[in-house]
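Content type compact mmCIF, C-alpha atoms, from the file protein24.txt:
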```txt
# COMPACT_ATOMS: atom_id res chain seq x y z
CA MET A 115 23.79 -166.91 111.30
CA THR A 116 27.22 -168.34 110.59
CA GLY A 117 27.50 -172.07 111.13
CA ARG A 118 29.91 -173.49 113.66
CA LEU A 119 31.92 -175.17 110.86
CA GLN A 120 31.46 -172.48 108.23
CA GLY A 121 34.13 -172.60 105.53
CA LYS A 122 35.72 -175.81 106.80
CA VAL A 123 36.27 -179.03 104.85
CA ALA A 124 35.46 -182.27 106.67
CA ILE A 125 36.23 -185.83 105.65
CA VAL A 126 33.72 -188.22 107.21
CA THR A 127 34.37 -191.93 106.74
CA GLY A 128 31.59 -194.46 107.01
CA ALA A 129 29.16 -191.77 105.87
CA GLY A 130 26.66 -194.27 104.51
CA SER A 131 24.31 -196.48 106.47
CA VAL A 132 23.23 -200.12 106.34
CA GLY A 133 19.58 -199.02 106.33
CA PRO A 134 17.18 -196.11 106.75
CA GLY A 135 17.64 -193.95 109.82
CA TRP A 136 20.38 -192.21 111.71
CA GLY A 137 23.60 -194.15 111.69
CA ASN A 138 26.58 -192.36 113.19
CA GLY A 139 28.28 -191.53 109.88
CA ARG A 140 25.14 -190.31 108.16
CA ALA A 141 24.20 -188.17 111.12
CA ILE A 142 27.69 -186.68 111.39
CA ALA A 143 27.80 -185.82 107.68
CA CYS A 144 24.38 -184.17 107.85
CA ARG A 145 25.03 -182.30 111.08
CA PHE A 146 28.37 -180.97 109.86
CA ALA A 147 26.81 -179.79 106.61
CA GLN A 148 24.05 -178.02 108.53
CA GLU A 149 26.77 -176.10 110.35
CA GLY A 150 28.45 -174.95 107.14
CA ALA A 151 31.09 -177.58 106.49
CA ARG A 152 31.79 -178.90 103.02
CA VAL A 153 31.53 -182.64 103.60
CA PHE A 154 33.69 -185.17 101.79
CA ALA A 155 31.68 -188.31 102.49
CA VAL A 156 33.45 -191.66 102.22
CA ASP A 157 32.14 -195.22 102.23
CA LEU A 158 32.96 -198.56 100.66
CA ASP A 159 29.37 -198.82 99.39
CA PRO A 160 28.39 -195.73 97.36
CA ALA A 161 24.71 -196.73 97.37
CA SER A 162 24.66 -196.49 101.16
CA MET A 163 25.44 -192.78 100.90
CA GLU A 164 22.52 -191.87 98.63
CA GLU A 165 20.22 -190.96 101.51
CA THR A 166 23.04 -189.06 103.20
CA VAL A 167 23.56 -186.98 100.07
CA SER A 168 19.83 -186.31 99.71
CA LEU A 169 19.52 -185.17 103.32
CA VAL A 170 22.53 -182.87 103.06
CA ARG A 171 21.35 -181.29 99.84
CA GLU A 172 17.81 -180.84 101.17
CA SER A 173 19.31 -178.77 103.98
CA GLY A 174 21.31 -176.68 101.50
CA GLY A 175 24.66 -178.21 102.42
CA GLU A 176 27.63 -179.13 100.25
CA ILE A 177 28.71 -182.74 99.89
CA LEU A 178 30.88 -184.87 97.64
CA THR A 179 31.14 -188.65 97.85
CA HIS A 180 34.11 -190.95 97.44
CA ARG A 181 34.39 -194.73 97.50
CA ALA A 182 37.28 -196.12 99.52
CA ASP A 183 38.33 -199.13 101.55
CA VAL A 184 39.75 -197.35 104.59
CA THR A 185 41.68 -200.45 105.69
CA ALA A 186 43.96 -200.06 102.64
CA SER A 187 46.70 -197.44 102.82
CA ASP A 188 46.74 -196.59 99.10
CA ALA A 189 42.96 -196.09 99.13
CA VAL A 190 43.14 -193.75 102.13
CA ARG A 191 46.00 -191.81 100.54
CA ASP A 192 43.92 -191.41 97.37
CA MET A 193 40.87 -190.41 99.44
CA VAL A 194 42.76 -187.57 101.06
CA GLN A 195 44.21 -186.46 97.73
CA ALA A 196 40.74 -186.49 96.14
CA CYS A 197 39.49 -184.20 98.88
CA LEU A 198 42.45 -181.87 98.33
CA ASP A 199 41.86 -181.89 94.58
CA ALA A 200 38.22 -180.96 95.11
CA TRP A 201 38.43 -178.42 97.93
CA GLY A 202 42.10 -177.69 98.56
CA ARG A 203 42.31 -178.57 102.25
CA VAL A 204 41.23 -180.86 105.08
CA ASP A 205 40.23 -179.07 108.27
CA ILE A 206 38.40 -181.94 109.98
CA LEU A 207 38.73 -185.71 109.84
CA VAL A 208 36.13 -188.00 111.39
CA ASN A 209 37.23 -191.62 111.51
CA ASN A 210 33.89 -193.37 111.89
CA VAL A 211 34.24 -196.74 110.17
CA GLY A 212 33.74 -199.76 112.42
CA GLY A 213 31.58 -202.71 113.33
CA SER A 214 31.49 -205.56 115.79
CA ARG A 215 31.80 -209.31 115.52
CA LYS A 216 30.89 -211.53 118.43
CA GLY A 217 33.21 -214.00 120.10
CA GLY A 218 35.91 -214.26 122.73
CA PRO A 219 39.47 -215.45 122.07
CA VAL A 220 38.39 -219.06 121.55
CA ASP A 221 35.29 -218.43 119.43
CA LEU A 222 36.69 -215.63 117.26
CA ASP A 223 39.14 -217.17 114.80
CA GLU A 224 42.39 -215.50 113.83
CA ALA A 225 41.04 -214.21 110.52
CA GLY A 226 38.09 -212.67 112.35
CA TRP A 227 40.43 -211.07 114.89
CA ASP A 228 42.61 -209.60 112.15
CA ARG A 229 39.57 -208.24 110.34
CA GLN A 230 38.23 -206.61 113.51
CA ILE A 231 41.55 -204.91 114.21
CA ASP A 232 41.87 -203.72 110.60
CA PHE A 233 38.28 -202.50 110.37
CA ASN A 234 38.08 -200.73 113.71
CA LEU A 235 41.64 -199.65 114.50
CA LYS A 236 43.87 -199.77 111.42
CA SER A 237 41.31 -197.64 109.57
CA VAL A 238 41.75 -194.92 112.20
CA TYR A 239 45.53 -195.19 112.07
CA LEU A 240 45.51 -194.85 108.28
CA GLY A 241 43.18 -191.87 108.34
CA CYS A 242 45.49 -190.11 110.78
CA ARG A 243 48.61 -191.20 108.91
CA HIS A 244 47.52 -189.59 105.66
CA VAL A 245 45.72 -186.51 107.01
CA LEU A 246 48.20 -185.37 109.66
CA PRO A 247 50.84 -184.16 107.15
CA VAL A 248 48.13 -182.12 105.40
CA MET A 249 46.94 -180.54 108.63
CA THR A 250 50.53 -179.86 109.67
CA ARG A 251 51.16 -177.94 106.44
CA GLN A 252 47.91 -176.03 106.90
CA GLY A 253 48.79 -175.02 110.44
CA GLY A 254 46.12 -176.97 112.29
CA GLY A 255 43.04 -179.13 112.21
CA ALA A 256 40.72 -181.32 114.24
CA ILE A 257 40.43 -185.10 114.26
CA VAL A 258 37.48 -186.88 115.87
CA ASN A 259 37.66 -190.64 116.23
CA ILE A 260 34.57 -192.73 116.98
CA ALA A 261 35.16 -195.49 119.53
CA SER A 262 32.61 -197.43 121.61
CA THR A 263 31.73 -198.12 125.23
CA SER A 264 32.88 -201.67 124.43
CA GLY A 265 36.39 -200.18 124.55
CA ILE A 266 35.98 -199.14 128.20
CA ARG A 267 33.42 -201.56 129.68
CA TRP A 268 31.88 -205.01 129.28
CA THR A 269 28.64 -204.22 127.45
CA GLY A 270 26.93 -207.60 127.60
CA SER A 271 28.52 -209.57 124.77
CA ALA A 272 31.90 -211.21 124.21
CA GLN A 273 33.36 -209.33 121.25
CA VAL A 274 37.03 -209.34 122.09
CA GLY A 275 38.30 -208.09 118.74
CA TYR A 276 35.92 -205.14 118.65
CA ALA A 277 36.47 -204.23 122.30
CA SER A 278 40.24 -204.39 121.96
CA ALA A 279 40.24 -202.32 118.78
CA LYS A 280 37.98 -199.64 120.23
CA ALA A 281 40.14 -199.41 123.34
CA GLY A 282 43.04 -198.93 120.95
CA VAL A 283 41.21 -196.09 119.19
CA ILE A 284 40.96 -194.19 122.47
CA GLN A 285 44.66 -194.48 123.21
CA LEU A 286 45.66 -193.80 119.60
CA SER A 287 43.70 -190.54 119.83
CA ARG A 288 45.55 -189.50 122.98
CA VAL A 289 48.94 -190.24 121.43
CA VAL A 290 48.11 -188.27 118.28
CA ALA A 291 46.75 -185.38 120.34
CA LEU A 292 49.90 -185.02 122.39
CA GLU A 293 52.33 -185.53 119.53
CA TYR A 294 50.63 -182.91 117.36
CA ALA A 295 49.46 -180.37 119.93
CA LYS A 296 52.24 -177.92 119.04
CA GLN A 297 51.07 -178.06 115.41
CA LYS A 298 47.60 -176.90 116.57
CA ILE A 299 46.03 -180.23 115.63
CA ARG A 300 43.49 -181.47 118.13
CA CYS A 301 42.46 -185.12 118.38
CA ASN A 302 39.58 -186.37 120.51
CA THR A 303 37.28 -189.36 120.77
CA VAL A 304 33.53 -189.83 120.93
CA ILE A 305 32.50 -192.99 122.78
CA PRO A 306 28.92 -193.94 121.85
CA GLY A 307 27.03 -196.50 123.90
CA GLN A 308 24.25 -198.81 122.80
CA MET A 309 22.53 -196.57 120.29
CA HIS A 310 19.49 -197.34 118.17
CA THR A 311 21.10 -197.09 114.76
CA PRO A 312 20.18 -198.98 111.55
CA MET A 313 22.84 -201.54 112.53
CA VAL A 314 20.45 -202.92 115.17
CA GLU A 315 17.89 -204.06 112.62
CA ALA A 316 20.35 -204.93 109.87
CA ARG A 317 22.87 -207.03 111.80
CA LEU A 318 22.81 -207.10 115.57
CA ALA A 319 19.32 -208.55 116.06
CA GLY A 320 20.27 -211.57 113.96
CA GLN A 321 23.53 -212.04 115.85
CA ARG A 322 22.21 -211.68 119.38
CA ALA A 323 18.43 -212.01 119.59
CA GLY A 324 17.47 -214.56 116.96
CA GLY A 325 16.24 -211.78 114.68
CA ASP A 326 13.89 -210.32 117.33
CA VAL A 327 14.57 -206.59 117.04
CA GLN A 328 12.22 -205.59 119.87
CA ALA A 329 13.82 -208.11 122.22
CA LEU A 330 17.26 -206.74 121.46
CA LEU A 331 16.11 -203.14 121.90
CA ALA A 332 14.55 -203.99 125.26
CA GLN A 333 17.71 -205.78 126.34
CA ARG A 334 19.86 -202.80 125.38
CA GLN A 335 17.50 -200.28 126.95
CA SER A 336 17.59 -202.17 130.25
CA ARG A 337 21.27 -201.20 130.60
CA ILE A 338 20.68 -197.47 130.04
CA PRO A 339 19.75 -195.24 133.03
CA LEU A 340 18.04 -192.62 130.86
CA PRO A 341 14.57 -193.82 129.82
CA PHE A 342 15.30 -193.75 126.09
CA MET A 343 17.95 -194.86 123.63
CA GLY A 344 20.10 -192.43 121.71
CA ASP A 345 20.86 -192.62 117.99
CA GLY A 346 23.44 -191.36 115.55
CA ARG A 347 22.32 -187.75 116.01
CA ASP A 348 23.58 -187.85 119.59
CA THR A 349 26.97 -189.09 118.39
CA ALA A 350 26.96 -186.37 115.73
CA ASN A 351 26.33 -183.55 118.19
CA ALA A 352 29.27 -184.65 120.31
CA ALA A 353 31.48 -184.91 117.22
CA LEU A 354 30.33 -181.46 116.09
CA PHE A 355 31.37 -179.90 119.39
CA LEU A 356 34.80 -181.52 119.31
CA ALA A 357 35.37 -180.53 115.68
CA SER A 358 34.30 -176.93 116.23
CA ASP A 359 36.27 -173.97 117.57
CA GLU A 360 34.14 -174.17 120.73
CA ALA A 361 36.44 -177.06 121.69
CA ARG A 362 39.61 -175.15 120.85
CA PHE A 363 41.17 -175.97 124.24
CA ILE A 364 40.10 -179.62 124.26
CA THR A 365 42.41 -182.35 123.03
CA ALA A 366 43.29 -185.91 124.11
CA ALA A 367 39.80 -186.12 125.60
CA GLU A 368 36.79 -188.42 125.36
CA ILE A 369 33.07 -187.67 125.38
CA VAL A 370 30.96 -190.66 126.41
CA VAL A 371 27.50 -190.64 124.79
CA ASP A 372 25.67 -193.53 126.40
CA GLY A 373 22.81 -192.29 128.59
CA GLY A 374 24.82 -193.11 131.71
CA MET A 375 25.28 -196.79 130.89
CA SER A 376 29.02 -197.03 131.46
CA ALA A 377 28.75 -195.38 134.89
CA ARG A 378 26.64 -198.24 136.25
CA CYS A 379 28.20 -201.08 138.19
CA ASP A 380 25.64 -203.79 137.28
```
Full structure transcribed into C-alpha cells:
Amino acid sequence: MTGRLQGKVAIVTGAGSVGPGWGNGRAIACRFAQEGARVFAVDLDPASMEETVSLVRESGGEILTHRADVTASDAVRDMVQACLDAWGRVDILVNNVGGSRKGGPVDLDEAGWDRQIDFNLKSVYLGCRHVLPVMTRQGGGAIVNIASTSGIRWTGSAQVGYASAKAGVIQLSRVVALEYAKQKIRCNTVIPGQMHTPMVEARLAGQRAGGDVQALLAQRQSRIPLPFMGDGRDTANAALFLASDEARFITAAEIVVDGGMSARCD
C-alpha cells in the first residue's frame, strides 16, 4: 500500500523531545515517515532526536537530522538549503517549535516576552519565509503550523507571551494561505490542547504543581470532556491529514485537537 506522503520530503522542526514518550515533533516525524515521507528532522539539541531517529528507522522510514536554532534567520536559511542539498525539494514544512513561560504582563519581564515571541512566533515566520520561495518554484506545497488552545482560550494559567504568540501563529497561517493559494501552497494550523507529552514531566509540573506530576495531570484532565488525555500522536494525525493530498481543498483552516476542552464555557 502506498503511503499518504509517499515520495514527499518533509521538514519537521522541534523533532526531538525533552524526554521519553510522544512529544508533538517526535510523533509527527514518526507518523510522516510511516506514511512514506522522507523526514528532515530539525532540533536545537541533536541528542533529543536520537529516539526519534531510532523509531523512524525501526519502522523502515527515511530520516536525516539537522541542528538549527529556528529563531535565527541564517540558521533557518541554512536548514532549508541542507534539505535541498540532501533531497532536492521541500514538499511539506511543519513548524512545531514552541514552549510556554508563565506570567502575565507584570510578572513576565520584557526579555521573557521577547523570547516567547521569538520562540513561538518568529520561528514560524522564519520557516515560512525561507520555504515559501522553494515551494513557489516547485509549483506547490503544504505548510502545517502547530499552535495551542492557549492562542484561542484561557487555559488555566497566565502565560501572556505564549498565548499571544500562538494566537499570532493562527493568523500568520491564514495570511500565508491566502497570499499563496494561487501558487498551490496550502497553509493550515493544528491547535493542540492540554496533551500528555514529555513536557508535562520535564517542565510543567515544576512550574505549576510543585513538581507533582499526578496533580498536574489530574488538573489538566478535569478540563477535558473526553475521559482521557491525548498525546503527540493525536497532534501528528491531524498534521498528517493537513499535509496529505486528502486535504487538497483545505487551506487557511484550523483543526483543534483538545478532547473538547475549548468548547466548554467553564
At a cut-off of 12 Å, using only C-alpha atoms, what residues contact Val238 in chain A? Leave out same-chain residues fewer than 4 positions from it and give the result as a CSV table (one decimal) with C-alpha atoms, in the coordinates of the input.
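File written: result29.csv
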```csv
chain,number,residue,atom,x,y,z
A,126,VAL,CA,33.7,-188.2,107.2
A,127,THR,CA,34.4,-191.9,106.7
A,128,GLY,CA,31.6,-194.5,107.0
A,183,ASP,CA,38.3,-199.1,101.6
A,184,VAL,CA,39.8,-197.4,104.6
A,185,THR,CA,41.7,-200.4,105.7
A,186,ALA,CA,44.0,-200.1,102.6
A,187,SER,CA,46.7,-197.4,102.8
A,190,VAL,CA,43.1,-193.8,102.1
A,207,LEU,CA,38.7,-185.7,109.8
A,208,VAL,CA,36.1,-188.0,111.4
A,209,ASN,CA,37.2,-191.6,111.5
A,210,ASN,CA,33.9,-193.4,111.9
A,211,VAL,CA,34.2,-196.7,110.2
A,212,GLY,CA,33.7,-199.8,112.4
A,231,ILE,CA,41.6,-204.9,114.2
A,232,ASP,CA,41.9,-203.7,110.6
A,233,PHE,CA,38.3,-202.5,110.4
A,234,ASN,CA,38.1,-200.7,113.7
A,242,CYS,CA,45.5,-190.1,110.8
A,243,ARG,CA,48.6,-191.2,108.9
A,244,HIS,CA,47.5,-189.6,105.7
A,245,VAL,CA,45.7,-186.5,107.0
A,246,LEU,CA,48.2,-185.4,109.7
A,257,ILE,CA,40.4,-185.1,114.3
A,258,VAL,CA,37.5,-186.9,115.9
A,259,ASN,CA,37.7,-190.6,116.2
A,260,ILE,CA,34.6,-192.7,117.0
A,261,ALA,CA,35.2,-195.5,119.5
A,279,ALA,CA,40.2,-202.3,118.8
A,280,LYS,CA,38.0,-199.6,120.2
A,282,GLY,CA,43.0,-198.9,121.0
A,283,VAL,CA,41.2,-196.1,119.2
A,284,ILE,CA,41.0,-194.2,122.5
A,285,GLN,CA,44.7,-194.5,123.2
A,286,LEU,CA,45.7,-193.8,119.6
A,287,SER,CA,43.7,-190.5,119.8
A,290,VAL,CA,48.1,-188.3,118.3
A,301,CYS,CA,42.5,-185.1,118.4
A,303,THR,CA,37.3,-189.4,120.8
```
Find the residues near Ala332 in chain A: any atom within 12 Å, counting all atoms listed in the file, skip ones fewer than 3 places away on the same chain, and give them as a CSV table (one decimal) with C-alpha atoms, keeping the file's coordinate frame.
```csv
chain,number,residue,atom,x,y,z
A,308,GLN,CA,24.2,-198.8,122.8
A,309,MET,CA,22.5,-196.6,120.3
A,310,HIS,CA,19.5,-197.3,118.2
A,314,VAL,CA,20.4,-202.9,115.2
A,319,ALA,CA,19.3,-208.6,116.1
A,323,ALA,CA,18.4,-212.0,119.6
A,326,ASP,CA,13.9,-210.3,117.3
A,327,VAL,CA,14.6,-206.6,117.0
A,328,GLN,CA,12.2,-205.6,119.9
A,329,ALA,CA,13.8,-208.1,122.2
A,335,GLN,CA,17.5,-200.3,127.0
A,336,SER,CA,17.6,-202.2,130.2
A,337,ARG,CA,21.3,-201.2,130.6
A,338,ILE,CA,20.7,-197.5,130.0
A,341,PRO,CA,14.6,-193.8,129.8
A,342,PHE,CA,15.3,-193.8,126.1
A,343,MET,CA,18.0,-194.9,123.6
```
Task: 8 Å contact set for Val156 in chain A, all atoms listed in the file, chain neighbours under 2 positions out, as a PyMOL selection string - done: chain A and resi 125-130+154+158+179-182
Near-Arg288 in chain A list (8 Å; all atoms listed in the file; drop same-chain fewer than 4 positions) as a short mmCIF file (atom, residue, chain, number, x, y, z; two decimals) with C-alpha atoms, in the coordinates of the input:
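The result, written out as part.cif:
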```
data_model
loop_
_atom_site.label_atom_id
_atom_site.label_comp_id
_atom_site.auth_asym_id
_atom_site.auth_seq_id
_atom_site.Cartn_x
_atom_site.Cartn_y
_atom_site.Cartn_z
CA ILE A 284 40.96 -194.19 122.47
CA LEU A 292 49.90 -185.02 122.39
CA CYS A 301 42.46 -185.12 118.38
CA ASN A 302 39.58 -186.37 120.51
CA THR A 365 42.41 -182.35 123.03
CA ALA A 366 43.29 -185.91 124.11
CA ALA A 367 39.80 -186.12 125.60
#
```
- [ ] Kindly indicate which residue among A:Gly217, A:Gly255, A:Gly139, A:Gly275 lies nearest to Ala353 in chain A, using all atoms listed in the file for the distances.
- [x] A:Gly139
